[in-house]
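K.L.:
The structure is given below, and queries will be raised subsequently.
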Amino acid sequence: MTARNDPDRLLTSMAEAEMAKLPVAPGAVQVVGEHVSPRRAAVKRFLRYRLAIVGVVVVLAIMIMAALAPLLTPWPPNWIDFQTGARQPPSPEHVLGTDVSGRDVWARVLYGARTSLIVGFGAVAIYLVIGTLLGLAAGYYGRFVDQGLMRFTDTIMAIPPLLLIIVFVAVLGPSIISVIIVIGLLGWPVTARLVRGQLLVLRESEFITAAHVIGVPDRTILFRHMLPNILGPLTVVATFGVATAVLLESSLSFLGLGVRPPEASWGNLITEAVSPVVLTTLPWQWVPAAIAITMTVLSVNFIGDGLRDAIDPRITKNG
Amino acid sequence: MGAYILRRILISIPVLIGITIIGFIALKLTPGDPLLTSVNPEALANMMTHPEVLEAERRRLGFDQPVFPHQYLRWLANVVQGDLGYSISSHRPIVAEIGARLPQTLLLMIVSLTLAVLIGVPIGIITAVRQYSKLDYGLNAAAILLASTPVFVFALIAIYVFAVNLHWLPTGQLHTVGRNDALDLAHHLILPAAVLAIINAAPLVRYTRASMLEVLNAEYVTTARAKGLSNRLVIVRHAFRNGLIPVITIVALLIPEAVAGAVITEQIFAWNGMGQLAVKAAGARDPSMMMGIILITGVAVLTANIIADIGYAIADPRVAYDRAK
């Protein structure tokens, strides 16, 4: 398939196979005679993808709830309510009941959303910058810069990401900051490969040759002429990246290796359910967090799918 | 073909070195006395009472020399000879610890990946052949939902339904206490293997579908239809073979994700494998153990990828020609 057409690559990842479908330089494939600007056409295509709209609404709702958490619950997330006691089912006071230590589950789900979103967006922001810079360097300078950087990405990708992240979060000491830093520092290979691939094609295009000919400096060509042309595909990678980062954070916290209790995270709310007693008799402890993670990741994936179709006019014919 | 295989292997040498460097960084960044991870704990216990002996041992092992390249090369020489040092938590050699857990993980991975292919590929073909049917939409929706569900949530639901409620299968562990036979092991394997298989089958469905669709729209398939072959014959004789070649690559690409899934699954099912060991090592911040696990999985993934690349070139010789030029 498309993931295989670069002679110099050894390892690829599932995420990258996904990205391989992205068109190069979306501005260049516009149909002649269409009197709509490329951007407006893309927005139109995105809006046609109904699930993506649902995704945007859900993600926005979760963001607002996370931001307004203190207004939506009277309980602080780490407050142990001795009066109600632990393991109490939902009641008017505690709408989702209390957890195994007597804390309000609804409050912890709300504050857990903060954790997930901060990690999701924070980590992706870091690795987008790293990945874009390395990808630009590899794609633009080619030769041994490219070879060296690509072997480096191969190396990072050879080690299963979750394992690598578990180890380096443990090295730094588990905390929300470590999780963001480690995912941010190790997550860039897919972005770097994508940027490089797009640049290899872009480098051959006429307007870049023209820029070279009239003596535009390298840096201006890279950031003024090339970067804007790959923003579309980068947005798609970033979107799927947020979904992956949210899943990674919840997995780490679930394993007790990410966000440390008492700090709330969707992952560590579910950890307790490993005990069959909690699993069966205290569904309010873990089911809300499980739904929250799945809903968030699913919505972000829908947005990613919509964006990918939106920036690729060739796909829209099919639906 | 020979040149192609050689090129694949040569390209992976820098990656292999890269993996050892990452393992070494993990080892060095973790706080703690390097003597604890590199000297036999019994011998070390005897040395403890004599500070000057400890100091001499430190010098002998080169811990007073620069970390890079001196300490790295010395460490690499040991690794190549199969000496990965000692665990600070169990005081046993890392090789023994990993060796004891490797078979369980391999069993889980091989069974679940085989099942994933057996589930994912046929479903992928069906959805491609029946593109835009209700079945296609339904199965695709299920695949997207699965891809968005965390492994641990899926595993917990499986335990809830099949182990706790229906009592069909055990909730975890390798064996029932007091039993040690293969049948009992198989009984305990069903649930974790099925969970991992279904999670890994989801992306396989999507890629098999995409790959089959590409082939089904190819001109030779149109030709086959035009000469009047039945739909079944067109699919079985012409489309299958070419459509399924990329699946080799996809299965290899799945391995890192499958390892991640296995780490979580082993933890939930108390499956005594390397994933559980990794979580334990990270929890205890056991430097040489974390390093050992990075090395082993990195090398395993790299090897699997080389095998997949060679397999792909055998199935589709054009690949080797393309890259030779």
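Order determines the names: the first chain of the structure tokens is A, the second B, and so forth; residues in each chain are numbered 1 upward, and ligands are numbered 1 upward as they are shown.
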Find the spatial neighbours of segment 301-312 of chain B, counting only C-alpha atoms, within a cut-off of 7 Å - ignore same-chain residues fewer than 5 positions away - and output them as a PyMOL selection string.
P.N.:
(chain A and resi 11+158) or (chain B and resi 5+8+245+248-249+252+255-256)
K.L.:
What are the closest atom pairs, with distances in Å to one decimal, for all residues of chain B lying within 6 Å of chain A? Consider only C-alpha atoms, order rows by chain and residue number, and present the result as JSON lines.
P.N.:
{"residue": "B:Val15", "atom": "CA", "partner": "A:Thr155", "partner_atom": "CA", "distance": 4.8}
{"residue": "B:Gly18", "atom": "CA", "partner": "A:Thr155", "partner_atom": "CA", "distance": 5.6}
{"residue": "B:Ile19", "atom": "CA", "partner": "A:Thr155", "partner_atom": "CA", "distance": 5.9}
{"residue": "B:Thr30", "atom": "CA", "partner": "A:Val171", "partner_atom": "CA", "distance": 5.1}
{"residue": "B:Ser148", "atom": "CA", "partner": "A:Leu298", "partner_atom": "CA", "distance": 5.2}
{"residue": "B:Thr149", "atom": "CA", "partner": "A:Thr294", "partner_atom": "CA", "distance": 5.0}
{"residue": "B:Pro246", "atom": "CA", "partner": "A:Met1", "partner_atom": "CA", "distance": 5.8}
{"residue": "B:Leu253", "atom": "CA", "partner": "A:Ser13", "partner_atom": "CA", "distance": 5.3}
{"residue": "B:Pro256", "atom": "CA", "partner": "A:Pro160", "partner_atom": "CA", "distance": 4.4}
{"residue": "B:Ala260", "atom": "CA", "partner": "A:Leu162", "partner_atom": "CA", "distance": 5.4}
{"residue": "B:Ala282", "atom": "CA", "partner": "A:Ala170", "partner_atom": "CA", "distance": 5.3}
{"residue": "B:Gly298", "atom": "CA", "partner": "A:Ile159", "partner_atom": "CA", "distance": 4.6}
{"residue": "B:Val301", "atom": "CA", "partner": "A:Ala158", "partner_atom": "CA", "distance": 6.0}
{"residue": "B:Leu302", "atom": "CA", "partner": "A:Ala158", "partner_atom": "CA", "distance": 6.0}
{"residue": "B:Arg323", "atom": "CA", "partner": "A:Pro7", "partner_atom": "CA", "distance": 5.5}
K.L.:
Name the residues in contact with Ile198 of chain B at a cut-off of 7 Å, using only C-alpha atoms, excluding same-chain residues fewer than 4 positions from it; report them as a ChimeraX atom specification.
P.N.:
/B:116,194,202
K.L.:
Go ahead and save the picked residues with C-alpha atoms, as a PDB file, in the first residue's frame.
P.N.:
ATOM      1  CA  ALA B 116      -6.585 -11.113  15.007  1.00  0.00           C
ATOM      2  CA  ALA B 194      -9.529 -12.909  22.725  1.00  0.00           C
ATOM      3  CA  ALA B 202      -9.967  -3.505  14.384  1.00  0.00           C
TER       4      ALA B 202
END
K.L.:
Would you mind listing what lies within 8 Å of segment 80-86 of chain A as a list in words, with only C-alpha atoms counted and same-chain residues fewer than 5 positions away left out?
P.N.:
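Here the qualifying residues turn out to be Thr98, Asp99, Val100, Ser101, Gly102, Arg103 and Asp104 of chain A.
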K.L.:
Excluding same-chain residues fewer than 6 positions from segment 46-60 of chain B, what lies within 10 Å of it counting only C-alpha atoms, as a ChimeraX atom specification?
P.N.:
/B:34-35,39
K.L.:
Based on DSSP run over this structure's backbone, return all residues of segment 14-208 of chain A in helix (DSSP H, G or I), as a ChimeraX atom specification.
P.N.:
/A:14-19,26-29,38-48,50-67,69-72,105-141,143-158,161-172,176-186,189-202,206-208
K.L.:
Just want the 12 Å neighbourhood of segment 206-211 of chain A, counted on only C-alpha atoms, with same-chain residues fewer than 6 positions away dropped. Output as a ChimeraX atom specification.
P.N.:
/A:28,140,199-200,217-227,229
K.L.:
I want to know what sits within 7 Å of Leu96 of chain A, based on only C-alpha atoms, with residues of the same chain fewer than 3 positions away left out; could you give that as a ChimeraX atom specification?
P.N.:
/A:90,105-106,284
K.L.:
Given the choices A:Val259, A:Val190, A:Ala264, A:Leu136, which gets closest to Ala113 of chain A if the distance is worked out from only C-alpha atoms?
P.N.:
A:Ala264
K.L.:
Nearest residue to Val129 of chain A out of A:Leu71, A:Val201, A:Ala192, A:Val179, using only C-alpha atoms?
P.N.:
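Looking only at the distances to Val129 of chain A, the closest residue turns out to be A:Ala192.
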K.L.:
If you measure from atom CA of Leu204 of chain B to atom CA of Trp168 of chain B, what distance in Å do you get, rounded to one decimal?
P.N.:
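Distance between the two atoms: 28.1 Å.
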K.L.:
Considering only strand (DSSP E or B) as DSSP defines it on the backbone, what residues of segment 60-198 of chain A qualify? List them as a ChimeraX atom specification.
P.N.:
/A:80,98,103-104
K.L.:
Kindly save the residues from that selection, with N, CA and C atoms included, as a CSV table (one decimal), in the first residue's frame.
P.N.:
chain,number,residue,atom,x,y,z
A,80,ILE,N,-12.5,14.1,50.9
A,80,ILE,CA,-13.1,12.9,51.3
A,80,ILE,C,-14.3,13.2,52.2
A,98,THR,N,-20.0,8.0,45.5
A,98,THR,CA,-18.6,8.2,46.0
A,98,THR,C,-17.8,7.1,45.7
A,103,ARG,N,-14.6,9.9,47.9
A,103,ARG,CA,-14.6,11.1,47.2
A,103,ARG,C,-15.7,11.1,46.1
A,104,ASP,N,-16.1,12.4,45.7
A,104,ASP,CA,-17.2,12.5,44.8
A,104,ASP,C,-16.8,12.1,43.4
K.L.:
Just to confirm, what's the straight-line distance from atom CA of Val195 of chain A to atom CA of Arg39 of chain A in Å (one decimal)?
P.N.:
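Straight-line distance from atom CA of Val195 of chain A to atom CA of Arg39 of chain A works out to 20.0 Å.
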